[in-house]
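*Asks:* One file is attached below, protein_0.txt, containing compact mmCIF, N, CA and C atoms.
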```
# COMPACT_ATOMS: atom_id res chain seq x y z
N MET A 1 82.60 143.35 99.75
CA MET A 1 83.13 142.09 99.25
C MET A 1 84.60 142.30 98.90
N ARG A 2 85.38 141.28 99.22
CA ARG A 2 86.81 141.31 98.92
C ARG A 2 87.16 140.07 98.10
N VAL A 3 87.83 140.25 97.00
CA VAL A 3 88.26 139.13 96.16
C VAL A 3 89.74 138.91 96.41
N GLN A 4 90.12 137.69 96.73
CA GLN A 4 91.52 137.34 96.96
C GLN A 4 91.96 136.38 95.86
N ARG A 5 92.93 136.76 95.09
CA ARG A 5 93.41 135.90 94.01
C ARG A 5 94.46 134.94 94.53
N PHE A 6 94.47 133.73 93.95
CA PHE A 6 95.49 132.74 94.29
C PHE A 6 95.71 131.86 93.08
N GLY A 7 96.62 130.92 93.19
CA GLY A 7 96.95 130.05 92.06
C GLY A 7 98.24 130.51 91.41
N PRO A 8 98.56 129.95 90.24
CA PRO A 8 99.80 130.32 89.56
C PRO A 8 99.89 131.84 89.37
N GLY A 9 101.06 132.39 89.65
CA GLY A 9 101.25 133.83 89.52
C GLY A 9 100.99 134.60 90.80
N TYR A 10 100.34 133.98 91.77
CA TYR A 10 100.03 134.66 93.03
C TYR A 10 100.71 133.99 94.23
N ARG A 11 101.43 132.92 94.02
CA ARG A 11 102.08 132.20 95.12
C ARG A 11 103.50 132.70 95.33
N ARG A 12 103.99 132.54 96.59
CA ARG A 12 105.38 132.85 96.94
C ARG A 12 106.06 131.57 97.38
N PRO A 13 107.38 131.50 97.26
CA PRO A 13 108.09 130.32 97.77
C PRO A 13 107.86 130.19 99.28
N GLU A 14 107.62 128.99 99.73
CA GLU A 14 107.39 128.70 101.15
C GLU A 14 108.73 128.42 101.80
N GLN A 15 109.05 129.12 102.87
CA GLN A 15 110.35 129.01 103.53
C GLN A 15 110.30 128.25 104.84
N ALA A 16 109.17 127.67 105.20
CA ALA A 16 109.00 127.02 106.51
C ALA A 16 109.79 125.73 106.62
N GLY A 17 110.47 125.56 107.75
CA GLY A 17 111.20 124.32 108.02
C GLY A 17 112.18 123.98 106.92
N ASP A 18 112.25 122.69 106.59
CA ASP A 18 113.11 122.22 105.51
C ASP A 18 112.33 122.08 104.20
N SER A 19 111.28 122.84 104.04
CA SER A 19 110.43 122.74 102.85
C SER A 19 111.22 123.05 101.59
N HIS A 20 110.89 122.34 100.51
CA HIS A 20 111.46 122.63 99.20
C HIS A 20 110.44 122.26 98.14
N GLY A 21 110.39 123.05 97.07
CA GLY A 21 109.44 122.81 95.99
C GLY A 21 108.02 123.19 96.36
N VAL A 22 107.88 124.12 97.33
CA VAL A 22 106.55 124.51 97.83
C VAL A 22 106.34 126.00 97.63
N THR A 23 105.16 126.36 97.14
CA THR A 23 104.75 127.76 97.06
C THR A 23 103.41 127.88 97.75
N SER A 24 103.09 129.10 98.21
CA SER A 24 101.82 129.29 98.92
C SER A 24 101.28 130.69 98.68
N ALA A 25 99.99 130.84 98.93
CA ALA A 25 99.32 132.13 98.84
C ALA A 25 98.38 132.25 100.03
N LEU A 26 98.51 133.34 100.76
CA LEU A 26 97.62 133.60 101.89
C LEU A 26 96.25 134.02 101.35
N LEU A 27 95.20 133.33 101.79
CA LEU A 27 93.85 133.66 101.36
C LEU A 27 93.10 134.46 102.41
N HIS A 28 93.35 134.16 103.69
CA HIS A 28 92.62 134.82 104.77
C HIS A 28 93.37 134.66 106.08
N ALA A 29 93.41 135.72 106.87
CA ALA A 29 94.01 135.65 108.20
C ALA A 29 93.29 136.63 109.10
N ALA A 30 92.39 136.12 109.93
CA ALA A 30 91.66 136.95 110.89
C ALA A 30 90.77 136.07 111.75
N SER A 31 90.35 136.60 112.87
CA SER A 31 89.36 135.96 113.73
C SER A 31 89.67 134.50 114.05
N GLY A 32 90.92 134.20 114.38
CA GLY A 32 91.26 132.86 114.84
C GLY A 32 91.43 131.82 113.76
N VAL A 33 91.56 132.23 112.51
CA VAL A 33 91.77 131.27 111.44
C VAL A 33 92.72 131.87 110.40
N ARG A 34 93.54 131.01 109.83
CA ARG A 34 94.46 131.40 108.76
C ARG A 34 94.29 130.38 107.65
N VAL A 35 94.05 130.84 106.42
CA VAL A 35 93.80 129.96 105.28
C VAL A 35 94.83 130.25 104.19
N ASN A 36 95.53 129.20 103.76
CA ASN A 36 96.53 129.31 102.70
C ASN A 36 96.25 128.29 101.61
N GLU A 37 96.55 128.66 100.38
CA GLU A 37 96.65 127.68 99.31
C GLU A 37 98.11 127.26 99.29
N ILE A 38 98.39 125.97 99.21
CA ILE A 38 99.76 125.50 99.08
C ILE A 38 99.86 124.64 97.83
N ALA A 39 100.99 124.72 97.16
CA ALA A 39 101.24 123.93 95.96
C ALA A 39 102.61 123.28 96.10
N LEU A 40 102.65 121.97 95.94
CA LEU A 40 103.90 121.23 95.99
C LEU A 40 104.20 120.70 94.59
N ALA A 41 105.41 120.94 94.12
CA ALA A 41 105.85 120.38 92.85
C ALA A 41 106.03 118.88 93.03
N ASP A 42 106.28 118.16 91.93
CA ASP A 42 106.59 116.74 92.09
C ASP A 42 107.91 116.61 92.85
N ARG A 43 108.01 115.66 93.74
CA ARG A 43 109.19 115.43 94.58
C ARG A 43 109.50 116.63 95.49
N ALA A 44 108.47 117.19 96.12
CA ALA A 44 108.61 118.33 97.03
C ALA A 44 108.30 117.90 98.46
N ALA A 45 108.66 118.75 99.42
CA ALA A 45 108.36 118.47 100.83
C ALA A 45 107.93 119.76 101.52
N PHE A 46 106.86 119.67 102.30
CA PHE A 46 106.35 120.78 103.11
C PHE A 46 106.50 120.36 104.56
N GLY A 47 107.57 120.82 105.19
CA GLY A 47 107.86 120.45 106.56
C GLY A 47 109.22 119.77 106.62
N PRO A 48 109.52 119.10 107.74
CA PRO A 48 108.63 118.87 108.88
C PRO A 48 108.41 120.15 109.68
N LEU A 49 107.16 120.32 110.13
CA LEU A 49 106.74 121.48 110.89
C LEU A 49 105.86 121.05 112.05
N ARG A 50 105.77 121.90 113.04
CA ARG A 50 104.88 121.64 114.18
C ARG A 50 104.04 122.90 114.37
N ASN A 51 102.73 122.74 114.34
CA ASN A 51 101.82 123.87 114.54
C ASN A 51 101.37 123.93 115.99
N SER A 52 101.17 125.14 116.47
CA SER A 52 100.67 125.31 117.84
C SER A 52 99.15 125.24 117.89
N SER A 53 98.52 125.16 116.72
CA SER A 53 97.05 125.09 116.68
C SER A 53 96.60 123.92 115.80
N ASP A 54 95.34 123.55 115.95
CA ASP A 54 94.76 122.51 115.09
C ASP A 54 94.75 123.02 113.65
N ALA A 55 94.80 122.09 112.71
CA ALA A 55 94.80 122.47 111.30
C ALA A 55 94.01 121.44 110.50
N LEU A 56 93.61 121.86 109.31
CA LEU A 56 92.90 120.99 108.38
C LEU A 56 93.55 121.17 107.02
N LEU A 57 93.97 120.07 106.41
CA LEU A 57 94.54 120.09 105.07
C LEU A 57 93.49 119.51 104.13
N VAL A 58 93.10 120.28 103.12
CA VAL A 58 92.10 119.85 102.14
C VAL A 58 92.81 119.73 100.79
N VAL A 59 93.00 118.49 100.34
CA VAL A 59 93.71 118.25 99.09
C VAL A 59 92.73 118.46 97.94
N ILE A 60 93.07 119.37 97.03
CA ILE A 60 92.15 119.69 95.93
C ILE A 60 92.66 119.22 94.57
N GLU A 61 93.93 118.85 94.51
CA GLU A 61 94.48 118.37 93.24
C GLU A 61 95.73 117.55 93.51
N GLY A 62 95.89 116.46 92.79
CA GLY A 62 97.10 115.65 92.91
C GLY A 62 97.09 114.75 94.13
N GLY A 63 98.29 114.44 94.63
CA GLY A 63 98.39 113.56 95.78
C GLY A 63 99.81 113.43 96.26
N GLY A 64 99.96 112.68 97.34
CA GLY A 64 101.27 112.46 97.93
C GLY A 64 101.13 111.69 99.23
N TRP A 65 102.00 111.99 100.18
CA TRP A 65 102.02 111.34 101.49
C TRP A 65 102.02 112.39 102.57
N ILE A 66 101.36 112.09 103.69
CA ILE A 66 101.44 112.96 104.85
C ILE A 66 101.82 112.11 106.06
N ALA A 67 102.71 112.65 106.86
CA ALA A 67 103.06 112.04 108.14
C ALA A 67 102.65 113.02 109.22
N VAL A 68 101.84 112.55 110.17
CA VAL A 68 101.42 113.35 111.30
C VAL A 68 101.77 112.55 112.54
N ALA A 69 102.67 113.12 113.35
CA ALA A 69 103.18 112.41 114.53
C ALA A 69 103.75 111.07 114.06
N ASP A 70 103.23 109.94 114.54
CA ASP A 70 103.75 108.62 114.18
C ASP A 70 102.98 107.94 113.07
N GLU A 71 101.99 108.63 112.47
CA GLU A 71 101.17 108.03 111.42
C GLU A 71 101.60 108.54 110.05
N ARG A 72 101.53 107.64 109.07
CA ARG A 72 101.84 108.01 107.68
C ARG A 72 100.69 107.53 106.81
N GLN A 73 100.23 108.39 105.89
CA GLN A 73 99.05 108.06 105.09
C GLN A 73 99.17 108.67 103.70
N ARG A 74 98.79 107.91 102.68
CA ARG A 74 98.71 108.46 101.33
C ARG A 74 97.50 109.38 101.28
N VAL A 75 97.62 110.53 100.58
CA VAL A 75 96.52 111.48 100.43
C VAL A 75 96.32 111.79 98.96
N ALA A 76 95.08 112.11 98.60
CA ALA A 76 94.75 112.42 97.21
C ALA A 76 93.65 113.47 97.17
N ALA A 77 93.45 114.03 95.99
CA ALA A 77 92.40 115.03 95.78
C ALA A 77 91.07 114.50 96.30
N GLY A 78 90.32 115.38 96.96
CA GLY A 78 89.02 115.01 97.51
C GLY A 78 89.08 114.51 98.94
N GLU A 79 90.26 114.60 99.57
CA GLU A 79 90.40 114.15 100.96
C GLU A 79 90.83 115.31 101.84
N SER A 80 90.40 115.27 103.10
CA SER A 80 90.85 116.24 104.08
C SER A 80 91.46 115.49 105.25
N ILE A 81 92.45 116.12 105.87
CA ILE A 81 93.20 115.48 106.96
C ILE A 81 93.24 116.44 108.14
N GLU A 82 92.79 115.97 109.30
CA GLU A 82 92.87 116.76 110.52
C GLU A 82 94.27 116.61 111.11
N ILE A 83 94.84 117.72 111.53
CA ILE A 83 96.16 117.72 112.13
C ILE A 83 96.04 118.36 113.51
N PRO A 84 96.24 117.59 114.57
CA PRO A 84 96.07 118.14 115.91
C PRO A 84 97.21 119.10 116.28
N ALA A 85 96.89 120.04 117.14
CA ALA A 85 97.88 120.99 117.64
C ALA A 85 99.06 120.25 118.26
N GLY A 86 100.25 120.74 117.99
CA GLY A 86 101.44 120.17 118.60
C GLY A 86 102.03 118.99 117.87
N ALA A 87 101.32 118.41 116.92
CA ALA A 87 101.82 117.24 116.19
C ALA A 87 102.76 117.68 115.06
N GLU A 88 103.89 117.01 114.94
CA GLU A 88 104.78 117.30 113.82
C GLU A 88 104.15 116.72 112.55
N ARG A 89 104.27 117.47 111.46
CA ARG A 89 103.70 117.01 110.19
C ARG A 89 104.68 117.22 109.06
N LEU A 90 104.56 116.35 108.07
CA LEU A 90 105.38 116.42 106.87
C LEU A 90 104.51 115.99 105.71
N LEU A 91 104.42 116.82 104.68
CA LEU A 91 103.66 116.50 103.47
C LEU A 91 104.66 116.42 102.33
N VAL A 92 104.65 115.32 101.58
CA VAL A 92 105.59 115.13 100.48
C VAL A 92 104.86 114.62 99.24
N THR A 93 105.45 114.91 98.09
CA THR A 93 104.93 114.37 96.84
C THR A 93 105.98 113.41 96.29
N ASP A 94 105.50 112.43 95.52
CA ASP A 94 106.40 111.41 95.00
C ASP A 94 106.25 111.25 93.49
N GLY A 95 106.27 112.39 92.80
CA GLY A 95 106.21 112.35 91.34
C GLY A 95 104.99 113.05 90.77
N VAL A 96 104.00 113.37 91.59
CA VAL A 96 102.79 114.05 91.15
C VAL A 96 102.65 115.33 91.96
N PRO A 97 102.42 116.48 91.32
CA PRO A 97 102.22 117.71 92.08
C PRO A 97 100.95 117.62 92.94
N LEU A 98 100.86 118.49 93.93
CA LEU A 98 99.73 118.50 94.84
C LEU A 98 99.34 119.95 95.12
N ARG A 99 98.04 120.22 95.14
CA ARG A 99 97.52 121.52 95.58
C ARG A 99 96.56 121.27 96.71
N ALA A 100 96.60 122.15 97.71
CA ALA A 100 95.73 121.97 98.87
C ALA A 100 95.39 123.32 99.48
N ILE A 101 94.34 123.32 100.27
CA ILE A 101 94.00 124.46 101.11
C ILE A 101 94.38 124.04 102.52
N PHE A 102 95.17 124.86 103.19
CA PHE A 102 95.64 124.57 104.54
C PHE A 102 95.02 125.59 105.49
N ILE A 103 94.24 125.11 106.44
CA ILE A 103 93.50 125.96 107.37
C ILE A 103 94.04 125.73 108.77
N GLU A 104 94.49 126.80 109.42
CA GLU A 104 94.99 126.72 110.79
C GLU A 104 94.01 127.45 111.70
N PHE A 105 93.64 126.80 112.81
CA PHE A 105 92.68 127.35 113.76
C PHE A 105 93.38 127.70 115.06
N SER A 106 92.98 128.80 115.69
CA SER A 106 93.54 129.12 117.01
C SER A 106 92.63 128.61 118.12
N PHE A 107 91.57 127.91 117.74
CA PHE A 107 90.71 127.22 118.69
C PHE A 107 90.72 125.76 118.31
N ALA A 108 89.97 124.91 118.99
CA ALA A 108 90.08 123.46 118.78
C ALA A 108 88.80 122.86 118.19
N PRO A 109 88.54 123.05 116.91
CA PRO A 109 87.36 122.41 116.32
C PRO A 109 87.64 120.92 116.12
N GLN A 110 86.82 120.07 116.65
CA GLN A 110 87.01 118.63 116.51
C GLN A 110 85.87 118.07 115.66
N LEU A 111 86.22 117.54 114.51
CA LEU A 111 85.22 116.89 113.67
C LEU A 111 85.00 115.49 114.19
N ARG A 112 83.77 115.16 114.47
CA ARG A 112 83.45 113.82 114.95
C ARG A 112 82.87 113.03 113.79
N GLN A 113 83.08 111.73 113.80
CA GLN A 113 82.57 110.86 112.75
C GLN A 113 81.05 111.02 112.62
N ALA A 114 80.35 111.18 113.73
CA ALA A 114 78.90 111.32 113.70
C ALA A 114 78.48 112.60 112.99
N ASP A 115 79.35 113.62 112.99
CA ASP A 115 79.03 114.89 112.35
C ASP A 115 79.43 114.92 110.88
N ALA A 116 80.23 113.96 110.45
CA ALA A 116 80.77 113.96 109.09
C ALA A 116 79.68 113.56 108.11
N PRO A 117 79.72 114.15 106.90
CA PRO A 117 78.73 113.79 105.88
C PRO A 117 78.93 112.35 105.40
N ASN A 118 77.91 111.80 104.78
CA ASN A 118 78.01 110.43 104.24
C ASN A 118 79.18 110.35 103.26
N GLY A 119 79.84 109.21 103.27
CA GLY A 119 80.95 109.00 102.36
C GLY A 119 82.29 109.32 102.97
N SER A 120 82.31 109.97 104.14
CA SER A 120 83.60 110.26 104.76
C SER A 120 84.05 109.03 105.54
N GLN A 121 85.33 108.96 105.78
CA GLN A 121 85.84 107.80 106.48
C GLN A 121 87.10 108.15 107.23
N ASP A 122 87.31 107.47 108.31
CA ASP A 122 88.57 107.60 109.06
C ASP A 122 89.58 106.71 108.37
N LYS A 123 90.81 107.19 108.22
CA LYS A 123 91.87 106.38 107.63
C LYS A 123 92.82 106.00 108.73
N GLU A 124 93.19 104.76 108.76
CA GLU A 124 94.13 104.31 109.77
C GLU A 124 95.32 103.67 109.13
```
Could I get this structure in the form of structure tokens?

*Replies:*
Amino acid sequence: MRVQRFGPGYRRPEQAGDSHGVTSALLHAASGVRVNEIALADRAAFGPLRNSSDALLVVIEGGGWIAVADERQRVAAGESIEIPAGAERLLVTDGVPLRAIFIEFSFAPQLRQADAPNGSQDKE
């Protein structure tokens, strides 16, 4: 068993793209998946960035806005957002900090509405 610590005191400043006010901690990187905790201060930006693989953003605290390709959507704790490979993304906060788990896949897992648990919904 391996314990990986994260949260305050374990994060590093995120230097990706034009990001500011963002810290992250690597939780796992192996076997086609990379998992990071990311934390955005109030009025922070993570991106704009383009991933070569599919990703899943799981918001666990706070909220903000995410832009993926040409879509823009408000996000809050308890929501997950699929980000397709090759799409430019930008996550920003507008006065409230945000914490999330960011999972990048080197394969293409596609969540279908029929496979989603009750209570989930597509946002448009």

*Asks:* Have a look at A:Asp54, A:Glu61, A:Glu14, A:Glu82 and name the one nearest to Arg99 (chain A); count all atoms listed in the file.

*Replies:* A:Glu61

*Asks:* Suppose you want the space between atom C of Arg5 (chain A) and CA of Val22 (chain A); what is it in Å?

*Replies:* 16.3 Å

*Asks:* Using only C-alpha atoms, which protein or nucleic acid residues come within 10 Å of Phe6 (chain A)? Drop anything in the same chain fewer than 4 positions from it, and give the result as a list in words.

*Replies:*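 Counting only C-alpha atoms, the residues come to Tyr10, Arg11, Ser24, Ala25, Leu26, Leu27, Asn36, Glu37 and Ile38 of chain A.
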
*Asks:* Find the residues around Ile60 (chain A) up to 8 Å (only C-alpha atoms counted), leave out those fewer than 6 positions away in its own chain, and share them as a VMD selection string.

*Replies:* chain A and resid 76 to 79 98 to 101

*Asks:* Within 8 Å of Ala41 (chain A), counting all atoms listed in the file, which residues qualify if same-chain residues fewer than 6 places away don't, as a list in words?

*Replies:* His20, Gly21, Val22, Thr23, Val92, Thr93, Asp94, Gly95, Val96, Pro97, Leu98 and Arg99 of chain A
